[in-house]
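Below is the file final.cif, which contains mmCIF, C-alpha atoms, pLDDT in the B column; chains and numbers go by the auth columns.
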data_data
loop_
_atom_site.group_PDB
_atom_site.id
_atom_site.type_symbol
_atom_site.label_atom_id
_atom_site.label_comp_id
_atom_site.label_asym_id
_atom_site.label_seq_id
_atom_site.Cartn_x
_atom_site.Cartn_y
_atom_site.Cartn_z
_atom_site.B_iso_or_equiv
_atom_site.auth_seq_id
_atom_site.auth_asym_id
ATOM 1 C CA ILE A 1 -82.902 -77.607 -3.404 87.00 36 S
ATOM 2 C CA TYR A 2 -86.118 -79.432 -2.540 89.00 37 S
ATOM 3 C CA VAL A 3 -89.300 -78.024 -1.035 90.00 38 S
ATOM 4 C CA TYR A 4 -90.745 -80.549 1.424 90.00 39 S
ATOM 5 C CA THR A 5 -93.886 -79.469 3.231 88.00 40 S
ATOM 6 C CA MET A 6 -96.755 -80.914 5.198 86.00 41 S
ATOM 7 C CA GLY A 7 -98.832 -78.354 3.318 87.00 42 S
ATOM 8 C CA THR A 8 -100.642 -79.109 0.067 90.00 43 S
ATOM 9 C CA GLU A 9 -99.135 -79.113 -3.417 91.00 44 S
ATOM 10 C CA SER A 10 -101.043 -75.890 -4.085 93.00 45 S
ATOM 11 C CA TYR A 11 -99.407 -74.225 -1.061 90.00 46 S
ATOM 12 C CA ALA A 12 -95.951 -75.517 -2.030 91.00 47 S
ATOM 13 C CA THR A 13 -96.361 -74.287 -5.615 94.00 48 S
ATOM 14 C CA HIS A 14 -97.390 -70.855 -4.339 93.00 49 S
ATOM 15 C CA ILE A 15 -94.345 -70.683 -2.054 89.00 50 S
ATOM 16 C CA ILE A 16 -92.001 -71.788 -4.850 93.00 51 S
ATOM 17 C CA ASN A 17 -93.406 -69.137 -7.199 95.00 52 S
ATOM 18 C CA HIS A 18 -93.196 -66.472 -4.496 91.00 53 S
ATOM 19 C CA ILE A 19 -89.552 -67.245 -3.640 91.00 54 S
ATOM 20 C CA ASN A 20 -88.548 -67.375 -7.315 94.00 55 S
ATOM 21 C CA LYS A 21 -90.260 -64.029 -7.934 94.00 56 S
ATOM 22 C CA GLU A 22 -88.576 -62.428 -4.912 92.00 57 S
ATOM 23 C CA LEU A 23 -85.159 -63.668 -6.094 92.00 58 S
ATOM 24 C CA SER A 24 -85.871 -62.761 -9.741 94.00 59 S
ATOM 25 C CA GLN A 25 -84.704 -66.214 -10.841 92.00 60 S
ATOM 26 C CA ASP A 26 -85.986 -69.774 -10.891 93.00 61 S
ATOM 27 C CA ILE A 27 -84.058 -71.267 -7.971 93.00 62 S
ATOM 28 C CA LEU A 28 -86.822 -73.671 -6.923 93.00 63 S
ATOM 29 C CA SER A 29 -88.790 -76.086 -9.084 93.00 64 S
ATOM 30 C CA THR A 30 -92.092 -77.906 -8.620 91.00 65 S
ATOM 31 C CA SER A 31 -90.334 -81.005 -9.978 91.00 66 S
ATOM 32 C CA ARG A 32 -88.391 -81.066 -6.682 91.00 67 S
ATOM 33 C CA MET A 33 -91.344 -80.676 -4.364 90.00 68 S
ATOM 34 C CA ILE A 34 -92.888 -83.055 -1.852 89.00 69 S
ATOM 35 C CA ALA A 35 -96.189 -82.150 -0.204 88.00 70 S
ATOM 36 C CA ARG A 36 -98.635 -84.091 1.951 84.00 71 S
ATOM 37 C CA ASP A 37 -100.859 -84.780 -1.065 85.00 72 S
ATOM 38 C CA SER A 38 -98.003 -85.595 -3.477 77.00 73 S
ATOM 39 C CA LYS A 39 -97.964 -88.978 -5.155 68.00 74 S
ATOM 40 C CA ILE A 40 -94.369 -89.384 -3.967 64.00 75 S
ATOM 41 C CA ASN A 41 -95.321 -88.939 -0.288 58.00 76 S
ATOM 42 C CA ASP A 42 -95.945 -92.521 0.790 63.00 77 S
ATOM 43 C CA ILE A 43 -95.067 -92.289 4.467 60.00 78 S
ATOM 44 C CA GLY A 44 -97.810 -89.941 5.638 68.00 79 S
ATOM 45 C CA MET A 45 -97.229 -87.192 8.164 76.00 80 S
ATOM 46 C CA VAL A 46 -93.577 -87.937 8.972 84.00 81 S
ATOM 47 C CA LYS A 47 -90.839 -86.340 6.884 88.00 82 S
ATOM 48 C CA SER A 48 -87.847 -88.422 5.912 86.00 83 S
ATOM 49 C CA MET A 49 -84.785 -87.918 3.748 85.00 84 S
ATOM 50 C CA LYS A 50 -85.716 -91.299 2.254 83.00 85 S
ATOM 51 C CA GLN A 51 -88.549 -89.493 0.456 82.00 86 S
ATOM 52 C CA VAL A 52 -86.087 -87.087 -1.154 82.00 87 S
ATOM 53 C CA PHE A 53 -83.353 -89.626 -1.943 81.00 88 S
ATOM 54 C CA PRO A 54 -85.053 -93.064 -1.903 79.00 89 S
ATOM 55 C CA ASN A 55 -82.073 -95.031 -3.249 79.00 90 S
ATOM 56 C CA SER A 56 -79.182 -93.020 -1.862 76.00 91 S
ATOM 57 C CA SER A 57 -79.000 -93.168 1.924 69.00 92 S
ATOM 58 C CA GLY A 58 -75.319 -92.230 1.587 76.00 93 S
ATOM 59 C CA LEU A 59 -76.416 -88.733 0.546 77.00 94 S
ATOM 60 C CA PHE A 60 -78.121 -88.087 3.890 78.00 95 S
ATOM 61 C CA SER A 61 -74.854 -86.937 5.439 78.00 96 S
ATOM 62 C CA MET A 62 -74.677 -84.177 2.822 83.00 97 S
ATOM 63 C CA CYS A 63 -78.252 -82.988 3.435 85.00 98 S
ATOM 64 C CA LEU A 64 -79.492 -80.126 5.538 88.00 99 S
ATOM 65 C CA ALA A 65 -83.125 -79.624 6.468 89.00 100 S
ATOM 66 C CA LEU A 66 -84.545 -76.314 7.680 89.00 101 S
ATOM 67 C CA ASP A 67 -87.925 -76.685 9.351 90.00 102 S
ATOM 68 C CA ASP A 68 -90.049 -75.006 11.982 88.00 103 S
ATOM 69 C CA ARG A 69 -91.125 -78.423 13.295 89.00 104 S
ATOM 70 C CA TYR A 70 -88.633 -80.842 14.820 88.00 105 S
ATOM 71 C CA ASP A 71 -91.255 -83.464 15.657 90.00 106 S
ATOM 72 C CA VAL A 72 -92.230 -84.296 12.044 89.00 107 S
ATOM 73 C CA TRP A 73 -88.818 -85.668 11.014 89.00 108 S
ATOM 74 C CA SER A 74 -87.726 -89.283 11.355 87.00 109 S
ATOM 75 C CA GLU A 75 -84.060 -88.215 11.027 84.00 110 S
ATOM 76 C CA THR A 76 -82.931 -85.181 12.993 84.00 111 S
ATOM 77 C CA ASP A 77 -79.130 -85.309 12.715 86.00 112 S
ATOM 78 C CA HIS A 78 -79.099 -82.677 9.960 87.00 113 S
ATOM 79 C CA LEU A 79 -82.097 -80.603 11.001 91.00 114 S
ATOM 80 C CA ILE A 80 -81.965 -76.933 11.922 93.00 115 S
ATOM 81 C CA GLN A 81 -85.137 -75.634 13.506 93.00 116 S
ATOM 82 C CA ILE A 82 -86.180 -72.197 12.251 90.00 117 S
ATOM 83 C CA PHE A 83 -88.980 -69.780 13.119 86.00 118 S
ATOM 84 C CA GLU A 84 -92.454 -70.706 11.962 77.00 119 S
ATOM 85 C CA TYR A 85 -93.578 -69.161 8.666 69.00 120 S
ATOM 86 C CA ASN A 86 -97.070 -67.658 8.714 71.00 121 S
ATOM 87 C CA TYR A 87 -98.592 -67.202 5.295 64.00 122 S
ATOM 88 C CA ASN A 88 -101.478 -64.741 5.174 69.00 123 S
ATOM 89 C CA GLY A 89 -102.278 -64.673 1.484 60.00 124 S
#
With the file now loaded, output its structure as structure tokens.
Amino acid sequence: IYVYTMGTESYATHIINHINKELSQDILSTSRMIARDSKINDIGMVKSMKQVFPNSSGLFSMCLALDDRYDVWSETDHLIQIFEYNYNG
């Protein structure tokens, strides 16, 4: 499971820690995180599965993205739009 956000690394880390705490186990890891200010994010404000799996386009068919924004993805074949998350912390 990857966390891919247009938020900052700080925001993503907070969300990962919050989800892991709520589940009482370390399901998510900051080593599998892409944020807008991550060194790995080299395509700017458009999300792409190529950022997650840069050398394995064959894996795209096995991927599922959940996002509240449809317009930020370059590939939408495996995208499910969900309700927006509002963090007030």
Using the chain letters and numbering of this document, enumerate as a list in words the residues selected by the PyMOL selection byres ((chain S and resi 67) around 12).
Ile36, Tyr37, Val38, Tyr39, Thr40, Glu44, Ala47, Thr48, Ile51, Ile62, Leu63, Ser64, Thr65, Ser66, Met68, Ile69, Ala70, Ser73, Ile75, Gln86, Val87 and Phe88 of chain S
Excluding Val107 (chain S) and its own-chain neighbours fewer than 2 positions away, which residues fall within 8 Å of it when counting all atoms listed in the file? Please give them as a PyMOL selection string.
chain S and resi 80-82+104-105+109
So the first atom is CA of Lys85 (chain S) and the second is CA of Cys98 (chain S); what is the distance between them in Å, to one decimal place?
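Interatomic distance here is 11.2 Å.
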d(CA of Gly42 (chain S), CA of Ser59 (chain S)) in Å:
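So the answer is 24.1 Å.
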Could you check the closest approach to Phe95 (chain S) for each of S:His49, S:Phe118, S:Trp108, S:His113 and tell me which residue wins, using only C-alpha atoms?
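Once distances to Phe95 (chain S) are computed over only C-alpha atoms, the minimum belongs to S:His113.
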Mind giving me the axis-aligned box for region 47-52 of chain S with 8 Å on every side, centre plus edges in Å to one decimal, as lines of an AutoDock Vina configuration file?
center_x = -94.7
center_y = -72.3
center_z = -4.6
size_x = 21.4
size_y = 22.4
size_z = 21.2
Hey, what comes out of the PyMOL selection byres ((chain S and resi 96) around 12) on this file? Could you write it as a VMD selection string?
chain S and resid 84 88 91 to 95 97 to 100 110 to 114
Atomic distance CA of Glu57 (chain S) - CA of Asp103 (chain S), expressed in Å with one decimal
21.1 Å
With only C-alpha atoms as the atoms that count, which of S:Glu119, S:Asp72, S:Asp106, S:Asp61 lies nearest to Thr43 (chain S)?
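Answer, going by the shortest atom-to-atom distance: S:Asp72.
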Tell me which of S:Leu58, S:Arg71, S:Gln116, S:Asp102 sits closest to Ser45 (chain S), counting only C-alpha atoms.
S:Arg71
